[in-house]
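K.L.:
Have a look at this one before I ask anything.
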Amino acid sequence: MPIMENFLTYIFIQRALWAGFFISFACAVLGVFLVLRRDAMLGHGLAHVTFTGVALGLFLYITPTLIALAVAILAALGMSKLKMRTGLYGDTAIGIVSSLGMALGIIIVTLAGSFNVDLFGYLFGNILAIEKEEVWLALILALGVLITVAFFYQEFLFLTFDPESAQASGIQVARLESFMAILAAITVVLAMKVVGILLVSALLVIPAAAALQVAKSFFQAMLISAMVALVSVLGGLVIAFFLDWPVSGTIVSVSAILFFLLYQMRRQRRI
Amino acid sequence: MNEPRPLIVVENVSLYLKGLPILKDVSFNISAGDFLALIGPNGSGKTTLVRLILGLLKPTTGRVFLMGKPVEQFREWQKIGYVPQKATQFDSYFPASVKEVVAMGLLSLKKFPRFITSKDEAAIEQALEAVDMQDLKDRRIGELSGGQQQRVFIARAIVNGPDILFLDEPTTGVDAETQTRFYDMLAELNLRRKLTIVLITHDFGVLTKHVNKVACLNQRLFFHGTHAEFCSSEFVQDLLHGEHHLICHRH
C-alpha cells in the first residue's frame with residue numbers, strides 16, 4: 001500500500017510509532033496490576049501532579065519531563081504514605097494529592113504567565129512533535145519499567161491477588177507497593193507525551209480493562225492488554241494522520257472501541 | 001511419654017487497639033503433628049491471634065515464637081502455609097488461572113528473581129493432585145465453586161511443603177457434603193504428611209471426627225487441651241449450652 005509506505009517514511013511518524021509502542025506497552029502491562037488493585041485512578045491523580053512538574057520545568061528552564069518525573073515519584077510515595085498514616089481511602093488520598101498538584105501548577109503558570117503554548121502540548125499530548133532525545137528517554141524508561149515488571153511479576157501478582165497471604169509468606173508488601181507506585185509515576189510521565197496529562201489514565205486503564213473482559217489467566221491478561229494498547233496507538237496514529245484528527249483523542253477513542261468489542265465478545269460467549 | 005517439641009509458643013500475649021482489649025494474656029503451645037481447632041464466638045479474637053502468630057500484627061505485650069525463634073526474627077516462611085478467611089472473597093473476574101494461584105505459594109521458597117521453573121511446575125502438579133484439583137489447573141479461579149476454590153487455596157498453602165498450615169474458617173459458604181470431604185482431606189494431610197494444622201472454625205462438627213486439640217478463645221484463652229479433655233470439661237459443657245453430644249461423639 002503506497003499510502004501506508006508514504007505514511008511510514010515520515011520521520012515524525014516513525015518517532016511517534018516507536019515512542020508510542022514502547023510507552024503504551026509499559027502502560028498496558030502496569031495497568032493490569034493497577035486496575036485489579038482498584039488503583040485505576042492512581043494514574044489520573046499522578047497525571048494531575050505532573051502538571052506541577054511540567055510548569056516548574058518550564059518556569060525554571062529545565063527539561064519539563066525530568067522535573068515532572070521527580071514530582072510524580074514524590075507524589076506517588078506521598079499518596080502511599082498518606083493512605084497508610086491517616087487511614088484514608090485510596091481514592092481520597094489520590095484526590096488530595098492530585099488537587100494539590102494541579103493547584104500548585106496553576107499558581108506557577110499564573111506567576112510565570114508566558115508559556116501557555118508549551119503547556120497546551122503537555123495537557124493534550126503531542127506525540128507527533130516528539131524529539132529524538134525524548135524518543136530515547138521514552139524507550140529507556142519504558143524498557144526499564146517492562147524489565148522491572150518481568151523480574152517482579154510473581155510478587156506483583158501475589159500482592160495484587162491476595163496481599164495478606166503475600167505478607168504472611170514473607171513478601172515485603174509495603175516496600176513492593178511503594179515500588180509499584182514509583183513504576184506508575186514513571187509510566188504516567190511517559191504517557192503524558194503520547195496522550196497528554198488529561199488523557200493519561202486512559203492508556204493505563206482502558207487496555208487493561210479490555211483485556212480483563214476475555215483473559216483466562218493473568219499472563220494472558222497482560223498480553224491482551226499490550227495488544228490492545230499497540231493496536232490503539234497504531235490505529236490512532238493512522239486515523240489521526242489521514243483524517244487530520246488530534247492524535248491523543250484518536251488513540252484513546254480507538255482503545256475505547258476495542259474495549260467495547262472485547263466486552264461484546266465476553267457477552268456473546270456467555271450467551 | 002515426652003511431649004513433642006512445640007512449633008509455636010504464644011507467651012502472655014495481649015493486644016489492645018485504640019485502647020480496647022482484643023486479646024488478654026493468651027498463652028499456649030502448638031506441637032508438631034497437632035490438628036488444633038481454635039474455636040470461639042464472633043469477635044473473640046481468633047483471626048487476630050493467628051495474625052499475631054504469623055507476625056502480621058504486633059502484640060501490645062507478650063511474645064510469639066515460631067519454631068524456636070521470636071516471630072519478628074523468623075524468616076523461614078516457606079515452612080508456614082496460610083489460608084486467610086478472605087481468601088475466597090476475591091473479585092470473581094480476577095484473571096488468574098488455578099496454576100497461577102498455586103504458584104504464588106512457591107514465592108516464600110525462592111530468592112529474587114522469582115521465576116517459575118519446570119521443577120516448580122512439577123510441585124504445582126503435585127499440590128493440585130493432593131487436593132484432587134489437577135484436572136482444573138488451567139481454569140480461571142473465579143469460575144470454580146467455593147469448595148473447589150478452597151482446595152486450590154490449600155494447594156497454594158502446601159505447595160512448598162510447609163510444616164504448619166493455618167486455615168481461617170475455610171468452609172464458610174460451602175455445602176455440608178463438600179465440608180465433610182474437605183475435613184477428610186485435611187485429616188489425611190495431618191496423618192500422611194505429618195502436617196501440623198491450626199483450624200479456626202465455627203463448625204463444631206469438625207471436632208467430632210478429626211481434631212486432636214482444641215483451644216477455646218474469647219479475648220482470653222478459656223480452654224486449651226486434648227479433644228478428650230475438652231469433652232470432659234464441665235466449663236465447656238456449660239459454655240456450649242449442652243451441645244456436647246454433637247461435639248464429643250467420635251465415630
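Ordering of the C-alpha cells sets the chain letters (A, B, ...), residue numbers begin anew at 1 in every chain, and ligands are numbered from 1 in the order given.
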Could you pull out the alpha helix (DSSP H) residues of region 120-229 of chain B from DSSP and send them as a count of residues only?

P.N.:
49

K.L.:
Define the interface residues of chain A facing chain B as those within 12 Å, counting only C-alpha atoms, and report them as a ChimeraX atom specification.

P.N.:
/A:32-33,35-38,147-173,208-209,211-222,224,266

K.L.:
Dump N, CA and C atoms for the selected residues as a compact mmCIF listing (two decimals), in the first residue's frame?

P.N.:
# COMPACT_ATOMS: atom_id res chain seq x y z
N VAL A 32 -2.72 -3.42 34.17
CA VAL A 32 -3.44 -4.61 34.63
C VAL A 32 -3.34 -4.72 36.16
N PHE A 33 -2.14 -4.49 36.70
CA PHE A 33 -1.97 -4.53 38.16
C PHE A 33 -2.79 -3.43 38.83
N VAL A 35 -5.44 -1.70 37.78
CA VAL A 35 -6.90 -1.88 37.68
C VAL A 35 -7.35 -2.95 38.69
N LEU A 36 -6.61 -4.06 38.74
CA LEU A 36 -7.03 -5.14 39.64
C LEU A 36 -6.81 -4.80 41.11
N ARG A 37 -5.91 -3.86 41.39
CA ARG A 37 -5.69 -3.42 42.78
C ARG A 37 -6.65 -2.29 43.15
N ARG A 38 -7.62 -2.00 42.28
CA ARG A 38 -8.55 -0.87 42.49
C ARG A 38 -7.79 0.44 42.57
N ILE A 147 11.13 -4.40 32.11
CA ILE A 147 12.08 -5.38 32.68
C ILE A 147 11.83 -5.54 34.18
N THR A 148 11.58 -4.43 34.86
CA THR A 148 11.30 -4.50 36.31
C THR A 148 10.04 -5.33 36.56
N VAL A 149 9.01 -5.07 35.77
CA VAL A 149 7.76 -5.85 35.95
C VAL A 149 8.04 -7.33 35.69
N ALA A 150 8.87 -7.64 34.68
CA ALA A 150 9.18 -9.04 34.38
C ALA A 150 9.87 -9.70 35.57
N PHE A 151 10.80 -8.99 36.21
CA PHE A 151 11.53 -9.57 37.33
C PHE A 151 10.68 -9.69 38.59
N PHE A 152 9.72 -8.77 38.75
CA PHE A 152 8.88 -8.79 39.96
C PHE A 152 7.48 -9.33 39.66
N TYR A 153 7.32 -9.95 38.51
CA TYR A 153 6.00 -10.40 38.05
C TYR A 153 5.26 -11.22 39.12
N GLN A 154 5.94 -12.25 39.64
CA GLN A 154 5.28 -13.15 40.60
C GLN A 154 4.89 -12.42 41.88
N GLU A 155 5.78 -11.54 42.38
CA GLU A 155 5.48 -10.79 43.60
C GLU A 155 4.31 -9.84 43.39
N PHE A 156 4.33 -9.12 42.25
CA PHE A 156 3.24 -8.18 41.96
C PHE A 156 1.91 -8.91 41.82
N LEU A 157 1.95 -10.09 41.20
CA LEU A 157 0.72 -10.87 41.02
C LEU A 157 0.16 -11.29 42.38
N PHE A 158 1.03 -11.80 43.25
CA PHE A 158 0.61 -12.25 44.58
C PHE A 158 0.05 -11.06 45.37
N LEU A 159 0.77 -9.94 45.33
CA LEU A 159 0.36 -8.72 46.04
C LEU A 159 -1.02 -8.25 45.55
N THR A 160 -1.23 -8.34 44.26
CA THR A 160 -2.49 -7.88 43.67
C THR A 160 -3.65 -8.80 44.03
N PHE A 161 -3.38 -10.10 44.02
CA PHE A 161 -4.45 -11.08 44.23
C PHE A 161 -4.80 -11.22 45.71
N ASP A 162 -3.80 -11.29 46.59
CA ASP A 162 -4.06 -11.60 47.99
C ASP A 162 -2.94 -11.01 48.86
N PRO A 163 -3.03 -9.69 49.16
CA PRO A 163 -1.94 -9.03 49.88
C PRO A 163 -1.64 -9.64 51.25
N GLU A 164 -2.70 -10.12 51.93
CA GLU A 164 -2.46 -10.66 53.28
C GLU A 164 -1.62 -11.95 53.22
N SER A 165 -1.96 -12.84 52.28
CA SER A 165 -1.17 -14.07 52.17
C SER A 165 0.23 -13.76 51.68
N ALA A 166 0.34 -12.75 50.81
CA ALA A 166 1.66 -12.36 50.31
C ALA A 166 2.54 -11.93 51.49
N GLN A 167 1.95 -11.14 52.38
CA GLN A 167 2.71 -10.67 53.55
C GLN A 167 3.05 -11.85 54.47
N ALA A 168 2.09 -12.76 54.64
CA ALA A 168 2.33 -13.91 55.51
C ALA A 168 3.40 -14.83 54.95
N SER A 169 3.67 -14.76 53.65
CA SER A 169 4.71 -15.63 53.10
C SER A 169 6.06 -14.90 53.04
N GLY A 170 6.16 -13.79 53.75
CA GLY A 170 7.46 -13.13 53.90
C GLY A 170 7.75 -12.06 52.85
N ILE A 171 6.78 -11.77 51.97
CA ILE A 171 7.00 -10.72 50.96
C ILE A 171 6.85 -9.35 51.61
N GLN A 172 7.78 -8.45 51.31
CA GLN A 172 7.76 -7.10 51.90
C GLN A 172 6.70 -6.27 51.17
N VAL A 173 5.47 -6.39 51.63
CA VAL A 173 4.33 -5.82 50.93
C VAL A 173 4.42 -4.29 50.81
N ALA A 208 -6.14 -2.40 29.88
CA ALA A 208 -6.22 -3.41 30.94
C ALA A 208 -7.67 -3.85 31.13
N ALA A 209 -8.58 -2.88 31.19
CA ALA A 209 -10.00 -3.21 31.38
C ALA A 209 -10.51 -4.05 30.20
N ALA A 211 -8.71 -6.11 28.35
CA ALA A 211 -8.13 -7.46 28.46
C ALA A 211 -8.87 -8.29 29.50
N LEU A 212 -9.30 -7.65 30.58
CA LEU A 212 -9.97 -8.38 31.66
C LEU A 212 -11.32 -8.95 31.23
N GLN A 213 -11.85 -8.45 30.11
CA GLN A 213 -13.13 -8.98 29.61
C GLN A 213 -13.00 -10.42 29.14
N VAL A 214 -11.82 -10.78 28.61
CA VAL A 214 -11.71 -12.10 27.96
C VAL A 214 -10.58 -12.98 28.49
N ALA A 215 -9.66 -12.42 29.27
CA ALA A 215 -8.48 -13.20 29.67
C ALA A 215 -8.83 -14.34 30.61
N LYS A 216 -8.16 -15.48 30.42
CA LYS A 216 -8.40 -16.64 31.29
C LYS A 216 -7.27 -16.84 32.29
N SER A 217 -6.18 -16.12 32.09
CA SER A 217 -5.09 -16.17 33.06
C SER A 217 -4.49 -14.77 33.16
N PHE A 218 -3.67 -14.58 34.17
CA PHE A 218 -3.10 -13.25 34.38
C PHE A 218 -2.12 -12.91 33.26
N PHE A 219 -1.34 -13.91 32.87
CA PHE A 219 -0.37 -13.69 31.80
C PHE A 219 -1.09 -13.31 30.50
N GLN A 220 -2.18 -14.02 30.25
CA GLN A 220 -2.99 -13.72 29.06
C GLN A 220 -3.54 -12.29 29.13
N ALA A 221 -3.95 -11.88 30.33
CA ALA A 221 -4.48 -10.51 30.50
C ALA A 221 -3.43 -9.48 30.11
N MET A 222 -2.18 -9.73 30.49
CA MET A 222 -1.12 -8.78 30.16
C MET A 222 -0.87 -8.74 28.64
N ILE A 224 -3.00 -9.53 26.21
CA ILE A 224 -4.14 -8.90 25.51
C ILE A 224 -4.12 -7.39 25.74
N ARG A 266 -17.22 -11.01 25.27
CA ARG A 266 -17.49 -11.73 26.53
C ARG A 266 -18.98 -12.03 26.67

K.L.:
Hey, which of B:Val159, B:Asn42, B:Thr60, B:Gln149 ends up closest to Leu20 (chain B)? Count only C-alpha atoms.

P.N.:
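So, comparing all the options, the nearest one is B:Thr60.
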
K.L.:
Between A:Ala174, A:Leu88, A:Val200, A:Ile23, which has the minimum distance to Phe51 (chain A) (counting only C-alpha atoms)?

P.N.:
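Among the listed residues, the smallest separation from Phe51 (chain A) belongs to A:Val200.
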
K.L.:
Which residue is closest to Leu7 (chain B)? Choose from B:Lys111, B:Thr196, B:Phe166, B:Glu177 and count only C-alpha atoms.

P.N.:
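Checking each candidate against Leu7 (chain B), we get B:Thr196 as the closest.
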
K.L.:
Would you mind writing down, as number ranges by chain, each residue of region 12-141 of chain B that DSSP on the backbone assigns to strand (DSSP E)?

P.N.:
B: 12-17, 20-31, 35-39, 61-66, 69-70, 80-83

K.L.:
Can I get the selection written as a PDB file, in the first residue's frame, with C-alpha atoms?

P.N.:
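Here's the written file selection36.pdb:
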ATOM      1  CA  ASN B  12       1.308 -13.851  77.653  1.00  0.00           C
ATOM      2  CA  VAL B  13       0.088 -12.137  74.510  1.00  0.00           C
ATOM      3  CA  SER B  14      -2.280  -9.183  74.823  1.00  0.00           C
ATOM      4  CA  LEU B  15      -3.459  -6.828  72.127  1.00  0.00           C
ATOM      5  CA  TYR B  16      -5.219  -3.508  72.563  1.00  0.00           C
ATOM      6  CA  LEU B  17      -6.425  -1.497  69.578  1.00  0.00           C
ATOM      7  CA  LEU B  20      -9.931  -1.599  73.508  1.00  0.00           C
ATOM      8  CA  PRO B  21      -8.849  -5.104  74.502  1.00  0.00           C
ATOM      9  CA  ILE B  22      -8.831  -7.607  71.637  1.00  0.00           C
ATOM     10  CA  LEU B  23      -6.790 -10.329  73.343  1.00  0.00           C
ATOM     11  CA  LYS B  24      -5.856 -10.602  77.013  1.00  0.00           C
ATOM     12  CA  ASP B  25      -2.911 -12.553  78.338  1.00  0.00           C
ATOM     13  CA  VAL B  26      -3.109 -15.531  75.977  1.00  0.00           C
ATOM     14  CA  SER B  27      -0.528 -18.295  76.455  1.00  0.00           C
ATOM     15  CA  PHE B  28      -0.399 -21.718  74.814  1.00  0.00           C
ATOM     16  CA  ASN B  29       1.802 -24.029  72.728  1.00  0.00           C
ATOM     17  CA  ILE B  30       1.170 -25.881  69.491  1.00  0.00           C
ATOM     18  CA  SER B  31       3.195 -29.058  68.989  1.00  0.00           C
ATOM     19  CA  PHE B  35      -4.565 -30.775  64.470  1.00  0.00           C
ATOM     20  CA  LEU B  36      -5.858 -27.918  66.595  1.00  0.00           C
ATOM     21  CA  ALA B  37      -9.285 -26.346  66.348  1.00  0.00           C
ATOM     22  CA  LEU B  38      -9.381 -22.739  67.514  1.00  0.00           C
ATOM     23  CA  ILE B  39     -12.982 -22.016  68.425  1.00  0.00           C
ATOM     24  CA  THR B  61       2.538  -7.133  75.306  1.00  0.00           C
ATOM     25  CA  GLY B  62       3.835 -10.705  75.229  1.00  0.00           C
ATOM     26  CA  ARG B  63       5.791 -12.693  72.670  1.00  0.00           C
ATOM     27  CA  VAL B  64       5.273 -15.262  69.949  1.00  0.00           C
ATOM     28  CA  PHE B  65       7.898 -17.852  68.993  1.00  0.00           C
ATOM     29  CA  LEU B  66       7.773 -19.734  65.705  1.00  0.00           C
ATOM     30  CA  LYS B  69      12.580 -18.025  67.057  1.00  0.00           C
ATOM     31  CA  PRO B  70      10.806 -14.800  68.027  1.00  0.00           C
ATOM     32  CA  ILE B  80       4.213 -21.885  57.021  1.00  0.00           C
ATOM     33  CA  GLY B  81       1.073 -22.261  54.922  1.00  0.00           C
ATOM     34  CA  TYR B  82      -1.825 -19.837  55.431  1.00  0.00           C
ATOM     35  CA  VAL B  83      -5.326 -19.718  54.031  1.00  0.00           C
TER      36      VAL B  83
END
